[in-house]
Amino acid sequence: MAKFTSAQIIIILTVVSAAMLQLIDTSIVNVSLTQMMGNLGASFEDIGWVITSYAVSNIIMITLSGWMSATFGRKYYFAGSIILFTTASIFCGLSTNVWQLVAFRFIQGIGGGGLISTAQAILVETFPKEDLGLANAIYGIGVIVGPAIGPTLGGYITDNLAWQWIFFINIPIGIIAAIFTLIFVKEPLEKMKASKMDWSALILLVAAIGSLQVVLEKGQSEDWFQTRYITVLAIVAAIGIIFFIWRELTVAQPMVNLRLFTNRSFTTGTLFNFVLGFGLYGTTLIVPIFCQGLLGFTAMQTGLILLPGSLATAAMMPVVGVLLRRKLVHPAVYAGIGLLLFFVFTISMGKMNPQVAPSDFFWPLIMRGFGMGLIFIPLTTISLSTLKGTEIPQGTSLSNMVRQLGGSIGVALITTYITSRTAVHYSYLAENITASNPNASSRISTMTNYFMSLGYDFNSATHRAFALISGLVSQQAAMLTYKEMFQDIGLFFICLIPLLFMFYNKKKPVETKKEQTEWTLE
């Protein structure tokens with residue numbers, strides 16, 4: 001078991017807490033939107049930009065964080081990001097109208113985007129090579145647990161304080177993290193050399209990633225390509241991505257080193273990171289919606305339901321880190337077990353019904369928690385194991401950007417799936433609600449008589465009876481949709497298991513005293 005110096009422990013706590021600030025903030029706001037709308041006098045469409053503005057600036061800065069680290073120095077860029085994030089949090093809490101909040105959330109996202117990738121790069125260089133799995137395990141605790149505890153924390157703060165405090169709680173942690181970063185974090189031994197600012201590449205990046213993120217965040221609520229600005233932004237994103245890739249592959253010193261994708265281990269690991277983002281952020285979204293929108297649980301109840309699974313992930317992370325260090329089996333084996341556990345989670349969720357209790361979620365979410373730990377650490381370790389020196393910050397930024405983008409695409413696909421499939425199921429079920437169906441006719445008659453007994457006239461009672469029936473049909477349609485969706489996601493993850501053989505590369509046996517076989521991370 002690795003032993004850490006006091007300085008290493010402080011660095012670990014500093015960078016993980018800073019990364020968790022950013023990741024918690026991606027989900028903590030969601031449960032407070034209703035209170036914000038009432039307090040700031042904002043419409044539902046307006047308040048949605050509070051989330052979108054943060055996501056847009058965040059993913060752009062995640063992509064740029066490697067170049068920013070090289071330009072300003074990793075230590076000072078990380079500290080500066082913490083300070084900007086903390087300062088923006090203060091102004092978010094002090095906002096008096098929705099557009100002030102949107103603007104300060106955009107600035108907060110700029111600071112937050114510099115935290116997650118730089119934190120991982122600092123940890124990777126703080127640990128020796130043989131402890132890389134453990135470094136990623138510690139980092140992974142923040143990455144996995146942060147988004148999951150956000151709704152719990154946000155629900156508690158919203159119920160007991162006010163929405164402003166979801167931003168004010170960042171202040172003391174941010175101040176301490178900034179001070180400790182300046183004192184204890186060291187610059188890497190191999191000094192990174194930044195390329196000159198390529199303004200053409202920067203404009204293309206901002207246009208491409210920013211437009212794509214807006215399309216993914218707002219597409220469903222705007223009926224996708226039926227809305228002109230969504231169509232325009234989709235075209236801008238497609239053109240921007242093509243020309244950005246061309247630009248970065250043709251210049252001598254690219255701002256974002258896309259040539260890292262010629263590294264097989266990094267490319268394969270990053271591909272799976274995309275899938276991990278889909279699974280992590282997608283299921284983190286649908287479980288709360290399933291619990292609150294369909295089963296009627298409160299935000300606090302939903303947060304408490306998610307908490308055991310998050311703790312299971314946190315417990316699994318260091319275990320997997322130690323197992324990787326001992327090199328008992330190839331890392332892809334652990335990822336395969338994780339995918340199987342994720343499949344068990346989705347199948348269990350697919351068997352839920354409207355009468356389930358909060359306790360029924362415990363074991364499925366525990367399986368998900370263990371599975372995410374087993375997937376995240378090996379794949380991240382494989383991705384970064386062959387990178388050296390100046391490639392590390394570029395690699396971590398690209399890897400995190402891809403995971404974040406996978407999450408955004410996953411959320412967009414899932415919300416579209418829920419909307420379209422629920423409409424299909426509702427239409428099919430509603431066909432049976434006719435006067436010619438004796439069961440439906442009897443049910444409507446019973447409900448009509450009930451409402452008439454409460455004093456309603458026949459027409460009003462009949463209208464209420466049909467409205468109640470329609471609500472029950474909607475609930476049943478939604479339940480069928482969630483069952484299908486969980487099962488489809490589970491099958492998708494099962495189909496990924498054979499692709500893990502892409503990582504497998506057995507070295508020729510190396511004769512030692514114990515005649516052991518070593519395994520590469522490729």
# chains A, B, ... in the order shown; residues from 1 in each chain; ligands from 1

call {"tool": "select_by_dssp", "arguments": {"residues": "range 47-257 of chain A", "states": "helix (DSSP H, G or I)", "output": "VMD selection string"}}
result
chain A and resid 47 to 72 74 to 94 98 to 126 129 to 160 165 to 168 170 to 184 199 to 218 224 to 226 228 to 250

call {"tool": "closest_residue", "arguments": {"among": "A:Arg403, A:Val16, A:Phe458, A:Gly350", "to": "Gln487 in chain A", "atoms": "only C-alpha atoms"}}
result
A:Gly350

call {"tool": "residues_around", "arguments": {"residues": "range 466-473 of chain A", "least_positions_apart": "5", "cutoff": "7 Å", "atoms": "only C-alpha atoms", "output": "MDAnalysis selection string"}}
result
chainID A and resid 426 429:430 444

call {"tool": "closest_atom_pairs", "arguments": {"of": "range 399-513 of chain A", "to": "range 262-276 of chain A", "cutoff": "10 Å", "atoms": "only C-alpha atoms", "output": "tab-separated table"}}
result
residue	atom	partner	partner_atom	distance
A:Ser399	CA	A:Thr270	CA	5.5
A:Asn400	CA	A:Asn273	CA	7.9
A:Met401	CA	A:Phe274	CA	8.8
A:Val402	CA	A:Phe274	CA	5.4
A:Arg403	CA	A:Phe274	CA	4.4
A:Gln404	CA	A:Phe274	CA	7.5
A:Leu405	CA	A:Phe274	CA	7.1
A:Gly406	CA	A:Phe274	CA	4.6
A:Gly407	CA	A:Phe274	CA	7.4
A:Ser408	CA	A:Phe274	CA	10.0
A:Ile409	CA	A:Phe274	CA	9.4
A:Gly410	CA	A:Val275	CA	8.6
A:Phe492	CA	A:Val275	CA	9.9
A:Phe493	CA	A:Val275	CA	8.6
A:Leu496	CA	A:Phe272	CA	8.9
A:Leu499	CA	A:Phe272	CA	9.3
A:Leu500	CA	A:Thr268	CA	8.9
A:Met502	CA	A:Thr268	CA	7.3
A:Phe503	CA	A:Ser265	CA	7.0
A:Tyr504	CA	A:Ser265	CA	10.0

call {"tool": "residues_around", "arguments": {"residues": "Ile183 in chain A", "least_positions_apart": "5", "cutoff": "10 Å", "atoms": "only C-alpha atoms", "output": "VMD selection string"}}
result
chain A and resid 7 11 75 177 to 178

call {"tool": "closest_residue", "arguments": {"among": "A:Trp67, A:Phe501, A:Tyr77, A:Trp363", "to": "Ile347 in chain A", "atoms": "only C-alpha atoms"}}
result
A:Trp363

call {"tool": "closest_residue", "arguments": {"among": "A:Thr396, A:Gly455, A:Ile9, A:Phe104", "to": "Asn257 in chain A", "atoms": "only C-alpha atoms"}}
result
A:Thr396

call {"tool": "closest_residue", "arguments": {"among": "A:Ile241, A:Leu216, A:Ala103, A:Leu115", "to": "Ser89 in chain A", "atoms": "only C-alpha atoms"}}
result
A:Ala103

call {"tool": "atom_distance", "arguments": {"atom1": "CA of Gln226 in chain A", "atom2": "CA of Arg421 in chain A"}}
result
18.7 Å

call {"tool": "residues_around", "arguments": {"residues": "Val256 in chain A", "least_positions_apart": "6", "cutoff": "10 Å", "atoms": "only C-alpha atoms", "output": "PyMOL selection string"}}
result
chain A and resi 63-67+195+201-202+205+244-245+248-249+394-395+397-398

call {"tool": "residues_around", "arguments": {"residues": "Ile375 in chain A", "least_positions_apart": "2", "cutoff": "7 Å", "atoms": "only C-alpha atoms", "output": "PyMOL selection string"}}
result
chain A and resi 334-335+338-339+371-373+377-379

call {"tool": "residues_around", "arguments": {"residues": "Ile230 in chain A", "least_positions_apart": "4", "cutoff": "12 Å", "atoms": "only C-alpha atoms", "output": "PyMOL selection string"}}
result
chain A and resi 211-226+234-237

call {"tool": "closest_atom_pairs", "arguments": {"of": "range 282-343 of chain A", "to": "range 481-486 of chain A", "cutoff": "10 Å", "atoms": "only C-alpha atoms", "output": "JSON lines"}}
result
{"residue": "A:Thr283", "atom": "CA", "partner": "A:Phe486", "partner_atom": "CA", "distance": 9.0}
{"residue": "A:Ile286", "atom": "CA", "partner": "A:Tyr482", "partner_atom": "CA", "distance": 8.7}
{"residue": "A:Val287", "atom": "CA", "partner": "A:Tyr482", "partner_atom": "CA", "distance": 9.6}
{"residue": "A:Phe290", "atom": "CA", "partner": "A:Tyr482", "partner_atom": "CA", "distance": 7.6}
{"residue": "A:Leu294", "atom": "CA", "partner": "A:Tyr482", "partner_atom": "CA", "distance": 9.7}
{"residue": "A:Phe343", "atom": "CA", "partner": "A:Phe486", "partner_atom": "CA", "distance": 9.1}

call {"tool": "closest_residue", "arguments": {"among": "A:Asp198, A:Ser310, A:Gln476, A:Gln301", "to": "Ala252 in chain A", "atoms": "only C-alpha atoms"}}
result
A:Asp198
